[in-house]
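File shown: model_6.csv. Contents: CSV, C-alpha atoms and all ligand atoms.
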```
chain,number,residue,atom,x,y,z
A,1409,MET,CA,332.4,30.2,153.9
A,1410,GLN,CA,335.8,30.8,152.3
A,1411,ASP,CA,336.6,27.2,152.8
A,1412,ALA,CA,333.4,26.1,151.1
A,1413,HIS,CA,334.3,28.3,148.2
A,1414,GLY,CA,337.8,26.9,148.1
A,1415,ALA,CA,336.5,23.3,148.2
A,1416,ASP,CA,334.1,24.2,145.3
A,1417,VAL,CA,336.9,25.6,143.2
A,1418,ARG,CA,339.1,22.5,143.9
A,1419,LEU,CA,336.2,20.3,142.9
A,1420,HIS,CA,335.8,22.2,139.6
A,1421,GLN,CA,339.6,21.9,139.1
A,1422,LEU,CA,339.3,18.1,139.5
A,1423,LYS,CA,336.4,18.0,137.0
A,1424,LEU,CA,338.4,20.0,134.5
A,1425,TYR,CA,341.3,17.7,134.9
A,1426,VAL,CA,339.1,14.7,134.3
A,1427,ASP,CA,337.4,16.3,131.4
A,1428,ASN,CA,340.8,17.1,129.8
A,1429,HIS,CA,341.9,13.5,130.3
A,1430,LEU,CA,338.7,12.0,129.1
A,1431,HIS,CA,339.8,13.1,125.6
A,1432,ASP,CA,342.7,10.6,126.1
A,1433,ARG,CA,340.3,7.8,125.2
A,1434,TYR,CA,340.8,8.9,121.6
A,1435,LEU,CA,344.5,9.9,121.7
A,1436,ALA,CA,346.2,7.5,124.1
A,1437,PRO,CA,345.3,4.2,122.4
A,1438,PRO,CA,346.7,5.1,118.9
A,1439,TRP,CA,349.8,6.7,120.5
A,1440,THR,CA,350.4,3.5,122.5
A,1441,VAL,CA,350.2,1.5,119.2
A,1442,VAL,CA,352.7,3.8,117.4
A,1443,VAL,CA,355.1,3.7,120.4
A,1444,ALA,CA,354.8,-0.1,120.6
A,1445,VAL,CA,355.7,-0.4,116.9
A,1446,LEU,CA,358.8,1.9,117.4
A,1447,LEU,CA,359.7,-0.1,120.5
A,1448,THR,CA,360.2,-3.2,118.3
A,1449,ALA,CA,363.5,-1.5,117.1
A,1450,TRP,CA,365.0,-2.5,120.4
A,1451,VAL,CA,362.9,-5.3,121.9
A,1452,PRO,CA,361.3,-8.4,120.6
A,1453,VAL,CA,357.7,-8.0,119.2
A,1454,TRP,CA,356.2,-9.9,122.2
A,1455,GLN,CA,357.7,-7.5,124.6
A,1456,ALA,CA,356.4,-4.5,122.7
A,1457,ALA,CA,353.0,-6.2,122.5
A,1458,LEU,CA,353.1,-6.9,126.3
A,1459,TRP,CA,354.0,-3.2,127.0
A,1460,ALA,CA,351.1,-2.0,124.7
A,1461,GLY,CA,348.7,-4.5,126.3
A,1462,LEU,CA,349.5,-3.3,129.8
A,1463,GLU,CA,349.4,0.3,128.8
A,1464,LEU,CA,346.0,-0.1,127.1
A,1465,LEU,CA,344.7,-1.8,130.3
A,1466,ALA,CA,346.0,1.2,132.4
A,1467,ILE,CA,344.2,3.6,129.9
A,1468,ALA,CA,341.0,1.6,130.2
A,1469,VAL,CA,341.2,1.6,134.0
A,1470,TYR,CA,341.7,5.4,134.4
A,1471,ILE,CA,339.0,6.2,131.8
A,1472,ALA,CA,336.6,3.9,133.8
A,1473,VAL,CA,337.6,5.8,137.1
A,1474,TYR,CA,336.9,9.1,135.4
A,1475,PHE,CA,333.5,8.0,134.2
A,1476,ARG,CA,332.6,6.7,137.6
A,1477,PHE,CA,333.7,10.1,139.1
A,1478,ARG,CA,331.6,12.0,136.5
A,1479,GLN,CA,328.5,9.9,137.4
A,1480,ALA,CA,329.0,10.3,141.2
A,1481,SER,CA,326.7,12.7,143.1
A,1482,PRO,CA,328.1,16.2,143.8
A,1483,GLU,CA,328.5,15.3,147.5
A,1484,ALA,CA,330.4,12.1,146.7
A,1485,GLN,CA,332.6,14.0,144.2
A,1486,SER,CA,333.6,16.4,146.9
A,1487,ASN,CA,335.0,13.5,148.9
A,1488,GLY,CA,338.8,13.7,149.0
A,1489,HIS,CA,339.0,10.0,148.0
A,1490,TRP,CA,338.4,10.8,144.4
A,1491,THR,CA,341.5,13.0,144.1
A,1492,ARG,CA,343.6,10.0,145.4
A,1493,ARG,CA,341.8,7.5,143.2
A,1494,ILE,CA,342.2,9.6,140.1
A,1495,ALA,CA,345.9,10.4,141.0
A,1496,LEU,CA,346.5,6.6,141.4
A,1497,ALA,CA,344.7,5.6,138.2
A,1498,HIS,CA,346.4,8.3,136.0
A,1499,GLY,CA,349.7,7.8,137.9
A,1500,VAL,CA,349.8,4.1,136.8
A,1501,HIS,CA,349.3,5.2,133.2
A,1502,MET,CA,352.1,7.8,133.4
A,1503,ALA,CA,354.4,5.2,135.1
A,1504,MET,CA,353.7,2.7,132.3
A,1505,TRP,CA,354.6,5.3,129.7
A,1506,SER,CA,357.8,6.2,131.6
A,1507,SER,CA,358.7,2.6,131.8
A,1508,ILE,CA,359.6,3.0,128.1
A,1509,VAL,CA,363.1,4.0,129.5
A,1510,VAL,CA,363.5,0.5,131.0
A,1511,TRP,CA,362.3,-1.3,127.8
A,1512,ALA,CA,363.8,0.9,125.1
A,1513,TYR,CA,366.9,2.7,126.4
A,1514,VAL,CA,370.1,1.0,125.3
A,1515,PRO,CA,373.1,2.8,126.9
A,1516,GLY,CA,375.4,4.3,124.3
A,1517,ASN,CA,372.7,4.0,121.6
A,1518,ALA,CA,371.9,7.5,120.5
A,1519,SER,CA,368.6,6.7,118.7
A,1520,SER,CA,367.2,4.8,121.7
A,1521,LEU,CA,368.1,7.8,123.9
A,1522,MET,CA,366.4,10.2,121.4
A,1523,PHE,CA,363.3,8.0,121.4
A,1524,ALA,CA,363.1,7.9,125.2
A,1525,MET,CA,363.6,11.6,125.5
A,1526,LEU,CA,361.1,12.4,122.8
A,1527,VAL,CA,358.5,10.3,124.5
A,1528,HIS,CA,359.1,12.0,127.8
A,1529,VAL,CA,359.3,15.6,126.6
A,1530,GLY,CA,356.0,14.9,124.9
A,1531,LEU,CA,354.6,13.4,128.1
A,1532,ILE,CA,355.7,16.3,130.2
A,1533,SER,CA,354.2,18.9,127.8
A,1534,LEU,CA,350.9,17.0,127.7
A,1535,THR,CA,350.9,16.8,131.5
A,1536,VAL,CA,351.4,20.5,131.8
A,1537,VAL,CA,348.6,21.3,129.3
A,1538,MET,CA,346.1,18.7,130.7
A,1539,SER,CA,346.8,18.5,134.4
A,1540,ASN,CA,347.2,22.2,135.2
A,1541,PRO,CA,343.6,22.7,136.4
A,1542,HIS,CA,344.5,20.6,139.4
A,1543,ARG,CA,347.9,21.5,140.9
A,1544,GLN,CA,348.2,18.4,143.1
A,1545,LEU,CA,347.8,16.2,140.0
A,1546,LEU,CA,350.1,18.3,137.9
A,1547,PHE,CA,352.9,17.6,140.4
A,1548,SER,CA,352.1,13.9,140.8
A,1549,ASP,CA,351.8,13.4,137.0
A,1550,LEU,CA,355.1,15.0,136.3
A,1551,LEU,CA,357.1,12.8,138.7
A,1552,ALA,CA,357.5,9.6,136.6
A,1553,PRO,CA,358.2,11.3,133.2
A,1554,THR,CA,360.7,13.6,134.9
A,1555,VAL,CA,362.7,10.8,136.4
A,1556,ALA,CA,362.6,9.0,133.0
A,1557,LEU,CA,363.7,12.1,131.1
A,1558,VAL,CA,366.6,13.2,133.3
A,1559,GLY,CA,367.7,9.7,134.4
A,1560,PRO,CA,369.0,7.9,131.2
A,1561,PRO,CA,371.4,10.5,130.0
A,1562,LEU,CA,373.0,10.6,133.5
A,1563,HIS,CA,373.6,6.9,133.1
A,1564,ASP,CA,376.8,7.0,131.1
A,1565,GLY,CA,378.2,10.1,132.8
A,1566,THR,CA,379.7,11.8,129.7
A,1567,LEU,CA,379.7,15.5,129.4
A,1568,PHE,CA,377.2,15.3,126.5
A,1569,SER,CA,374.8,13.2,128.6
A,1570,LEU,CA,375.2,15.6,131.5
A,1571,GLY,CA,374.3,18.4,129.1
A,1572,LEU,CA,371.2,16.5,128.0
A,1573,THR,CA,370.1,16.0,131.6
A,1574,ALA,CA,370.6,19.7,132.3
A,1575,LEU,CA,368.5,20.5,129.2
A,1576,GLY,CA,365.8,18.1,130.4
A,1577,VAL,CA,365.8,19.7,133.9
A,1578,PHE,CA,365.6,23.1,132.2
A,1579,TYR,CA,362.6,22.1,130.0
A,1580,ILE,CA,360.8,20.6,133.1
A,1581,ALA,CA,361.4,23.8,135.1
A,1582,LEU,CA,360.1,25.9,132.2
A,1583,MET,CA,357.0,23.8,131.7
A,1584,LEU,CA,356.3,23.7,135.4
A,1585,MET,CA,356.4,27.5,135.5
A,1586,VAL,CA,354.0,27.6,132.5
A,1587,GLY,CA,351.8,25.0,134.2
A,1588,LEU,CA,351.6,26.9,137.4
A,1589,LYS,CA,350.7,30.1,135.5
A,1590,ILE,CA,347.9,28.3,133.6
A,1591,HIS,CA,346.8,26.8,137.0
A,1592,ALA,CA,346.6,30.3,138.5
A,1593,SER,CA,344.6,31.8,135.6
A,1594,THR,CA,342.3,28.7,135.6
A,1595,THR,CA,341.7,29.2,139.3
A,1596,GLU,CA,341.0,32.9,138.8
A,1597,THR,CA,338.5,32.0,136.1
A,1598,LEU,CA,336.8,29.5,138.3
A,1599,VAL,CA,336.6,31.9,141.2
A,1600,LEU,CA,335.1,34.6,138.9
A,1601,ARG,CA,332.6,32.1,137.5
A,1602,GLN,CA,331.6,31.2,141.1
A,1603,ARG,CA,331.1,34.8,142.0
A,1604,ASN,CA,329.1,35.4,138.8
A,1605,ASP,CA,326.9,32.4,139.6
A,1606,ALA,CA,326.3,33.7,143.1
A,1607,LEU,CA,325.5,37.2,141.8
A,1608,ILE,CA,323.1,35.9,139.2
A,1609,ARG,CA,321.3,33.8,141.8
A,1610,GLU,CA,321.0,36.8,144.1
A,1611,LEU,CA,319.7,39.0,141.2
A,1612,GLU,CA,317.2,36.3,140.3
A,1613,GLN,CA,316.1,36.3,144.0
A,1614,GLN,CA,315.8,40.1,144.0
A,1615,VAL,CA,313.7,40.1,140.9
A,1616,ARG,CA,311.2,37.6,142.5
A,1617,ARG,CA,311.2,38.9,146.1
A,1618,ASP,CA,309.4,41.7,147.8
A,1619,GLY,CA,312.1,43.9,149.4
A,1620,LEU,CA,310.4,44.5,152.7
A,1621,THR,CA,309.1,41.0,153.6
A,1622,GLY,CA,311.2,38.7,151.5
A,1623,LEU,CA,308.0,37.0,150.2
A,1624,SER,CA,307.4,36.6,146.5
A,1625,ASN,CA,306.5,39.9,144.8
A,1626,ARG,CA,303.5,40.7,142.6
A,1627,ALA,CA,305.3,40.0,139.3
A,1628,HIS,CA,306.5,36.6,140.4
A,1629,PHE,CA,303.0,35.8,141.8
A,1630,ILE,CA,301.3,36.8,138.5
A,1631,ALA,CA,303.8,34.6,136.5
A,1632,THR,CA,303.3,31.6,138.9
A,1633,GLY,CA,299.5,32.2,139.0
A,1634,ARG,CA,299.3,32.0,135.2
A,1635,PHE,CA,301.4,28.9,135.0
A,1636,GLU,CA,299.4,27.1,137.8
A,1637,LEU,CA,296.0,28.2,136.4
A,1638,GLU,CA,297.0,26.7,133.0
A,1639,ARG,CA,298.2,23.5,134.7
A,1640,ALA,CA,295.0,23.2,136.8
A,1641,ALA,CA,292.8,23.7,133.7
A,1642,ARG,CA,294.8,21.1,131.7
A,1643,TYR,CA,294.6,18.4,134.3
A,1644,ARG,CA,291.2,19.5,135.7
A,1645,HIS,CA,292.6,20.0,139.2
A,1646,PRO,CA,291.3,22.6,141.6
A,1647,LEU,CA,293.3,25.7,142.4
A,1648,ALA,CA,292.6,27.9,145.4
A,1649,LEU,CA,293.5,31.6,145.8
A,1650,LEU,CA,293.4,33.5,149.1
A,1651,MET,CA,293.4,37.3,149.1
A,1652,LEU,CA,294.5,38.6,152.5
A,1653,ASP,CA,294.4,42.2,153.7
A,1654,ILE,CA,295.4,43.5,157.1
A,1655,ASP,CA,292.5,45.4,158.8
A,1656,HIS,CA,292.8,49.1,159.6
A,1657,PHE,CA,296.4,49.1,158.7
A,1658,LYS,CA,296.3,52.9,158.1
A,1659,ARG,CA,295.6,53.3,161.8
A,1660,ILE,CA,298.7,51.4,162.7
A,1661,ASN,CA,300.8,53.7,160.4
A,1662,ASP,CA,299.0,56.8,161.7
A,1663,SER,CA,299.5,55.9,165.4
A,1664,TYR,CA,303.0,54.5,165.4
A,1665,GLY,CA,304.6,55.7,162.1
A,1666,HIS,CA,305.5,54.1,158.8
A,1667,LEU,CA,308.5,52.2,160.2
A,1668,ALA,CA,306.4,50.6,162.9
A,1669,GLY,CA,303.9,49.7,160.2
A,1670,ASP,CA,306.7,48.0,158.3
A,1671,GLU,CA,307.6,45.9,161.3
A,1672,VAL,CA,304.0,44.7,161.5
A,1673,LEU,CA,304.0,43.8,157.8
A,1674,LYS,CA,307.2,41.7,158.5
A,1675,ALA,CA,305.8,40.1,161.6
A,1676,VAL,CA,302.6,39.1,159.7
A,1677,SER,CA,304.7,37.8,156.8
A,1678,ARG,CA,306.6,35.5,159.2
A,1679,VAL,CA,303.3,34.1,160.5
A,1680,PHE,CA,302.2,33.5,156.9
A,1681,GLU,CA,305.4,31.7,156.2
A,1682,ASP,CA,305.0,29.4,159.2
A,1683,VAL,CA,301.4,28.5,158.3
A,1684,VAL,CA,301.5,28.3,154.5
A,1685,ARG,CA,302.8,25.0,152.9
A,1686,ALA,CA,306.1,25.2,151.1
A,1687,ASN,CA,304.7,24.4,147.7
A,1688,ASP,CA,302.0,27.1,147.8
A,1689,CYS,CA,303.0,30.5,146.4
A,1690,LEU,CA,302.8,33.2,149.1
A,1691,ALA,CA,303.2,36.8,147.9
A,1692,ARG,CA,302.9,40.4,149.0
A,1693,LEU,CA,300.9,42.1,146.2
A,1694,GLY,CA,301.6,45.6,147.6
A,1695,GLY,CA,300.8,47.7,150.7
A,1696,GLU,CA,299.1,45.5,153.3
A,1697,GLU,CA,297.7,43.1,150.7
A,1698,PHE,CA,298.9,39.5,150.4
A,1699,ALA,CA,297.9,36.5,148.4
A,1700,VAL,CA,298.4,32.7,148.6
A,1701,LEU,CA,298.0,30.5,145.6
A,1702,MET,CA,297.3,26.8,146.5
A,1703,PRO,CA,297.6,24.3,143.7
A,1704,GLU,CA,295.6,21.0,144.0
A,1705,THR,CA,293.4,22.5,146.7
A,1706,ALA,CA,289.6,22.5,146.7
A,1707,LEU,CA,287.2,24.7,148.6
A,1708,ASP,CA,287.1,22.9,152.0
A,1709,PRO,CA,290.9,22.7,152.6
A,1710,ALA,CA,291.3,26.2,151.2
A,1711,SER,CA,288.7,27.6,153.6
A,1712,ALA,CA,290.3,25.7,156.5
A,1713,ALA,CA,293.8,27.1,155.5
A,1714,ALA,CA,292.3,30.6,155.3
A,1715,GLU,CA,290.8,30.2,158.8
A,1716,ARG,CA,294.1,28.9,160.1
A,1717,LEU,CA,295.9,32.0,158.7
A,1718,ARG,CA,293.3,34.4,160.1
A,1719,VAL,CA,293.5,32.8,163.6
A,1720,ALA,CA,297.3,32.8,163.5
A,1721,VAL,CA,297.5,36.5,162.6
A,1722,SER,CA,294.9,37.4,165.2
A,1723,ARG,CA,297.1,35.8,167.9
A,1724,LEU,CA,300.1,37.9,166.8
A,1725,ARG,CA,301.3,40.5,169.3
A,1726,CYS,CA,303.5,43.2,167.9
A,1727,GLU,CA,305.3,45.2,170.5
A,1728,LEU,CA,305.6,48.8,169.2
A,1729,GLN,CA,306.9,51.8,171.2
A,1730,GLU,CA,305.8,50.4,174.6
A,1731,SER,CA,302.3,49.4,173.3
A,1732,VAL,CA,301.2,46.1,171.8
A,1733,VAL,CA,299.4,46.0,168.5
A,1734,THR,CA,297.3,42.9,167.7
A,1735,PRO,CA,296.6,43.0,163.9
A,1736,THR,CA,293.8,41.1,162.3
A,1737,MET,CA,293.0,40.5,158.7
A,1738,SER,CA,290.2,39.8,156.3
A,1739,VAL,CA,290.4,36.9,153.8
A,1740,GLY,CA,288.7,36.2,150.5
A,1741,VAL,CA,288.8,32.7,149.1
A,1742,ALA,CA,288.3,32.0,145.3
A,1743,ILE,CA,288.4,28.5,143.7
A,1744,ALA,CA,289.2,27.8,140.1
A,1745,ASP,CA,287.9,24.3,139.6
A,1746,GLU,CA,286.7,24.6,136.0
A,1747,GLY,CA,289.2,25.5,133.2
A,1748,GLY,CA,288.8,28.7,131.2
A,1749,GLU,CA,289.0,31.4,134.0
A,1750,SER,CA,291.7,34.0,133.7
A,1751,LEU,CA,294.0,34.9,136.5
A,1752,SER,CA,292.7,38.5,136.7
A,1753,SER,CA,289.1,37.2,136.9
A,1754,LEU,CA,290.1,34.8,139.7
A,1755,MET,CA,291.9,37.6,141.6
A,1756,ARG,CA,288.9,39.9,141.1
A,1757,ARG,CA,286.6,37.3,142.7
A,1758,GLY,CA,289.1,36.8,145.5
A,1759,ASP,CA,289.3,40.6,146.1
A,1760,LEU,CA,285.5,41.0,146.1
A,1761,ALA,CA,285.2,38.2,148.7
A,1762,MET,CA,287.9,39.9,150.8
A,1763,TYR,CA,286.0,43.3,150.5
A,1764,GLU,CA,282.8,41.4,151.6
A,1765,ALA,CA,284.8,40.1,154.7
A,1766,LYS,CA,285.7,43.8,155.4
A,1767,ALA,CA,282.0,44.7,155.1
A,1768,GLN,CA,281.0,41.9,157.4
A,1769,GLY,CA,283.1,43.5,160.2
A,1770,ARG,CA,286.6,42.4,159.3
A,1771,ASN,CA,288.7,39.6,160.9
A,1772,CYS,CA,286.8,36.9,159.0
A,1773,VAL,CA,286.9,34.6,155.9
A,1774,VAL,CA,284.4,34.9,153.0
A,1775,VAL,CA,284.3,32.5,150.0
A,1776,ALA,CA,283.7,34.0,146.6
A,1777,PRO,CA,280.7,32.7,144.5
A,1778,ALA,CA,281.6,30.7,141.4
A,1779,PRO,CA,282.2,32.8,138.2
A,1780,ALA,CA,279.2,34.3,136.6
A,1781,ALA,CA,279.4,32.1,133.4
A,1782,ARG,CA,279.2,28.9,135.5
A,1783,LEU,CA,276.2,30.2,137.5
A,1784,VAL,CA,274.4,30.8,134.2
A,1785,ALA,CA,275.3,27.4,132.9
B,1,LIG,N1,304.2,50.8,156.7
B,1,LIG,C1,303.8,50.6,155.5
B,1,LIG,N2,302.6,51.0,155.1
B,1,LIG,C2,302.2,50.9,153.9
B,1,LIG,C3,303.0,50.2,152.9
B,1,LIG,N3,302.3,50.2,151.8
B,1,LIG,C4,301.1,50.8,152.0
B,1,LIG,N4,301.0,51.2,153.3
B,1,LIG,C5,299.9,51.9,153.9
B,1,LIG,O1,298.8,50.9,154.2
B,1,LIG,C6,297.7,51.7,154.4
B,1,LIG,C7,296.5,51.0,153.8
B,1,LIG,O2,295.4,51.7,154.1
B,1,LIG,P1,293.9,51.4,153.5
B,1,LIG,O3,294.1,51.0,152.1
B,1,LIG,O4,293.1,52.6,153.8
B,1,LIG,O5,293.4,50.2,154.3
B,1,LIG,P2,293.3,49.9,155.9
B,1,LIG,O6,293.6,51.0,156.8
B,1,LIG,O7,294.0,48.6,156.1
B,1,LIG,O8,291.7,49.6,156.0
B,1,LIG,P3,290.9,48.3,155.6
B,1,LIG,O9,291.7,47.6,154.5
B,1,LIG,O10,289.6,48.9,155.1
B,1,LIG,O11,290.8,47.5,156.8
B,1,LIG,C8,297.9,53.1,153.8
B,1,LIG,O12,298.1,54.0,154.9
B,1,LIG,C9,299.3,52.9,153.1
B,1,LIG,O13,300.1,54.1,153.2
B,1,LIG,C10,304.3,49.8,153.3
B,1,LIG,O14,305.1,49.2,152.6
B,1,LIG,N5,304.6,50.0,154.6
```
Starting from the coordinates I provided, produce the structure as structure tokens.
Ligand SMILES: Nc1nc2c(ncn2[C@@H]2O[C@H](COP(=O)(O)OP(=O)(O)OP(=O)(O)O)[C@@H](O)[C@H]2O)c(=O)[nH]1
Amino acid sequence: MQDAHGADVRLHQLKLYVDNHLHDRYLAPPWTVVVAVLLTAWVPVWQAALWAGLELLAIAVYIAVYFRFRQASPEAQSNGHWTRRIALAHGVHMAMWSSIVVWAYVPGNASSLMFAMLVHVGLISLTVVMSNPHRQLLFSDLLAPTVALVGPPLHDGTLFSLGLTALGVFYIALMLMVGLKIHASTTETLVLRQRNDALIRELEQQVRRDGLTGLSNRAHFIATGRFELERAARYRHPLALLMLDIDHFKRINDSYGHLAGDEVLKAVSRVFEDVVRANDCLARLGGEEFAVLMPETALDPASAAAERLRVAVSRLRCELQESVVTPTMSVGVAIADEGGESLSSLMRRGDLAMYEAKAQGRNCVVVAPAPAARLVA
């Protein structure tokens, strides 16, 4: 579980890294042009143009890789290949920028040294700001500009150049520390967000679920019922409602106690879950009363489903305190196949049919007559 959370955080870090660098599509091309113009101070125009062309190509490639990553499915994104692809694509871009040292640095020429160092201090700062959500990429992105920053001053071996290299190393160490601190706080934020998301999901579940059986609760059933009834009326599709009530449940409570009664309610709920289709809404309305809402279902299949549920419950054997209880239930079926009926009217008809089943001796299914208005019509 911890590992799954860690992998999730790493994926988020990779996405943040890519999002940060996607902004490069606006910034990197104009910078490349400015640097290429400055490069003409030391190299012929064609060489500066060649560098700019290669660099713009590298930018286009890594932006394309980022887009493909963003479009990949979450499962594909979690694949470790993406970290390597992204590191390679961005690494080529960083290496191209760092190659400025090879093109522009003229040993002994102070302005070319300043130019090369300015480019690399800038690169290192940007790397720290943009790569920090992903530590692995922070380190790999720093490599090329670091070598390019500390390398040239070392070249002529004077005390001044050694001092510049020391200054470069100092800057890099400082920025690395800042980068790691930002990485730590980004990770903490991601972990907190992940926990928040999990808590919100759990709360949403709790608001919809019945605490004892885990089925939908009355409030969720009413909300779903209103929505489905409206949909059925708009598209003129049938909607079936089953009202289910365990027979003589009070006797079970009285004989074996309330806790044993709870066990029977849970066992009956598991039977319901096994029999009812996943896209139907199965709820415990309260006490020993349950309901099933079946969208796109007309009278015959609804009656057949009610009978299947009745038979499945009657076959249940609950072992309580060395005796076996075999609960049964009575079912009322009501069909809304004409628009205009409210949910409370539909539930009332279902309830009346269920009471009729009780009156007929229990452990049976009774279908409710159509609403009064339709009968008159
Ligand atoms: N164990 C348990 N019992 C509950 C719960 N909620 C309601 N009850 C009990 O369920 C019983 C329902 O009894 P009645 O409404 O008289 O119905 P019945 O005994 O099932 O009789 P018929 O419906 O006429 O077949 C009552 O004793 C309630 O106290 C619950 O969450 N757990």
Output the neighbourhood of ligand LIG 1 (chain B) as a CSV table (one decimal) with C-alpha atoms, in the coordinates of the input, that is, all protein and nucleic acid residues with some atom at most 12 Å from the ligand, counting all atoms listed in the file.
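Contents of selection_0.csv, as written:
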```
chain,number,residue,atom,x,y,z
A,1618,ASP,CA,309.4,41.7,147.8
A,1619,GLY,CA,312.1,43.9,149.4
A,1620,LEU,CA,310.4,44.5,152.7
A,1621,THR,CA,309.1,41.0,153.6
A,1651,MET,CA,293.4,37.3,149.1
A,1652,LEU,CA,294.5,38.6,152.5
A,1653,ASP,CA,294.4,42.2,153.7
A,1654,ILE,CA,295.4,43.5,157.1
A,1655,ASP,CA,292.5,45.4,158.8
A,1656,HIS,CA,292.8,49.1,159.6
A,1657,PHE,CA,296.4,49.1,158.7
A,1658,LYS,CA,296.3,52.9,158.1
A,1659,ARG,CA,295.6,53.3,161.8
A,1660,ILE,CA,298.7,51.4,162.7
A,1661,ASN,CA,300.8,53.7,160.4
A,1662,ASP,CA,299.0,56.8,161.7
A,1663,SER,CA,299.5,55.9,165.4
A,1664,TYR,CA,303.0,54.5,165.4
A,1665,GLY,CA,304.6,55.7,162.1
A,1666,HIS,CA,305.5,54.1,158.8
A,1667,LEU,CA,308.5,52.2,160.2
A,1668,ALA,CA,306.4,50.6,162.9
A,1669,GLY,CA,303.9,49.7,160.2
A,1670,ASP,CA,306.7,48.0,158.3
A,1671,GLU,CA,307.6,45.9,161.3
A,1672,VAL,CA,304.0,44.7,161.5
A,1673,LEU,CA,304.0,43.8,157.8
A,1674,LYS,CA,307.2,41.7,158.5
A,1675,ALA,CA,305.8,40.1,161.6
A,1692,ARG,CA,302.9,40.4,149.0
A,1693,LEU,CA,300.9,42.1,146.2
A,1694,GLY,CA,301.6,45.6,147.6
A,1695,GLY,CA,300.8,47.7,150.7
A,1696,GLU,CA,299.1,45.5,153.3
A,1697,GLU,CA,297.7,43.1,150.7
A,1698,PHE,CA,298.9,39.5,150.4
A,1735,PRO,CA,296.6,43.0,163.9
A,1736,THR,CA,293.8,41.1,162.3
A,1737,MET,CA,293.0,40.5,158.7
A,1738,SER,CA,290.2,39.8,156.3
A,1739,VAL,CA,290.4,36.9,153.8
A,1759,ASP,CA,289.3,40.6,146.1
A,1762,MET,CA,287.9,39.9,150.8
A,1763,TYR,CA,286.0,43.3,150.5
A,1764,GLU,CA,282.8,41.4,151.6
A,1765,ALA,CA,284.8,40.1,154.7
A,1766,LYS,CA,285.7,43.8,155.4
A,1767,ALA,CA,282.0,44.7,155.1
A,1768,GLN,CA,281.0,41.9,157.4
A,1769,GLY,CA,283.1,43.5,160.2
A,1770,ARG,CA,286.6,42.4,159.3
A,1771,ASN,CA,288.7,39.6,160.9
A,1772,CYS,CA,286.8,36.9,159.0
```
I'd like the neighbourhood of Gly1633 (chain A) as a list of chain:residue names, where a residue qualifies if any of its atoms comes within 9 Å (using all atoms listed in the file), though same-chain residues fewer than 5 positions away should be ignored.
A:His1628, A:Glu1638, A:Cys1689, A:Leu1701, A:Leu1751
Select from region 1419-1498 of chain A every residue with an atom at most 6 Å from any atom of region 1536-1542 of chain A, then for each give the shortest pair of atoms and their distance in Å to one decimal, using all atoms listed in the file, rows by chain and rising number, as JSON lines.
```
{"residue": "A:Gln1421", "atom": "CA", "partner": "A:Pro1541", "partner_atom": "CA", "distance": 4.9}
{"residue": "A:Leu1422", "atom": "CA", "partner": "A:His1542", "partner_atom": "CA", "distance": 5.8}
{"residue": "A:Tyr1425", "atom": "CA", "partner": "A:Ser1539", "partner_atom": "CA", "distance": 5.6}
{"residue": "A:Asn1428", "atom": "CA", "partner": "A:Met1538", "partner_atom": "CA", "distance": 5.6}
```
Can you write just those residues out, C-alpha atoms, as a PDB file, keeping the file's coordinate frame?
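Ended up saving to result28.pdb:
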```
ATOM      1  CA  GLN A1421     339.600  21.900 139.100  1.00  0.00           C
ATOM      2  CA  LEU A1422     339.300  18.100 139.500  1.00  0.00           C
ATOM      3  CA  TYR A1425     341.300  17.700 134.900  1.00  0.00           C
ATOM      4  CA  ASN A1428     340.800  17.100 129.800  1.00  0.00           C
TER       5      ASN A1428
END
```
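Nearest to Tyr1579 (chain A) of all the residues A:Val1469, A:Arg1626, A:Ile1608, A:His1528 is A:His1528, counting all atoms listed in the file.
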Interatomic distance, CA of Arg1617 (chain A) to CA of Met1702 (chain A) (Å, one decimal)
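If I compute the distance from CA of Arg1617 (chain A) to CA of Met1702 (chain A), I get 18.4 Å.
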Using all atoms listed in the file, which residue out of A:Ala1691, A:Leu1430, A:Val1453, A:Ala1460 lies closest to His1498 (chain A)?
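The answer is A:Leu1430, which sits nearest to His1498 (chain A).
Closest to Val1514 (chain A) among A:Gly1565, A:Pro1709, A:Pro1560, A:Gly1740 is A:Pro1560, based on all atoms listed in the file.
Put simply, CA of Leu1435 (chain A) is 14.5 Å away from CA of Leu1465 (chain A).
Distances here use only C-alpha atoms; by that measure, the residue among A:Phe1477, A:Tyr1434, A:Phe1523, A:Phe1680 closest to Trp1450 (chain A) is A:Phe1523.
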Enter the distance from CA of Val1599 (chain A) to CA of Leu1424 (chain A), in Å, rounded to one decimal.
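Pair CA of Val1599 (chain A) / CA of Leu1424 (chain A) returns 13.8 Å.
By all atoms listed in the file, and with residues fewer than 6 positions from region 1567-1570 of chain A along its chain excluded, the set lying at most 12 Å from it is Pro1515, Gly1516, Asn1517, Ala1518, Leu1521, Met1522, Met1525, Leu1557, Val1558, Gly1559, Pro1560, Pro1561, Gly1576 and Val1577 of chain A.
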From (280.7, 29.0, 146.8), in the file's coordinates, out to 12 Å: which residues are reached, counting only C-alpha atoms? Answer as a list in words.
Ala1706, Leu1707, Asp1708, Ala1710, Ser1711, Gly1740, Val1741, Ala1742, Ile1743, Ala1744, Asp1745, Arg1757, Gly1758, Ala1761, Val1774, Val1775, Ala1776, Pro1777, Ala1778, Pro1779, Ala1780, Arg1782 and Leu1783 of chain A
Selected residue of minimal separation from Pro1553 (chain A) among A:His1501, A:Arg1678, A:Arg1601, A:Arg1418, counting all atoms listed in the file
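Residue with the minimum atom-to-atom distance to Pro1553 (chain A): A:His1501.
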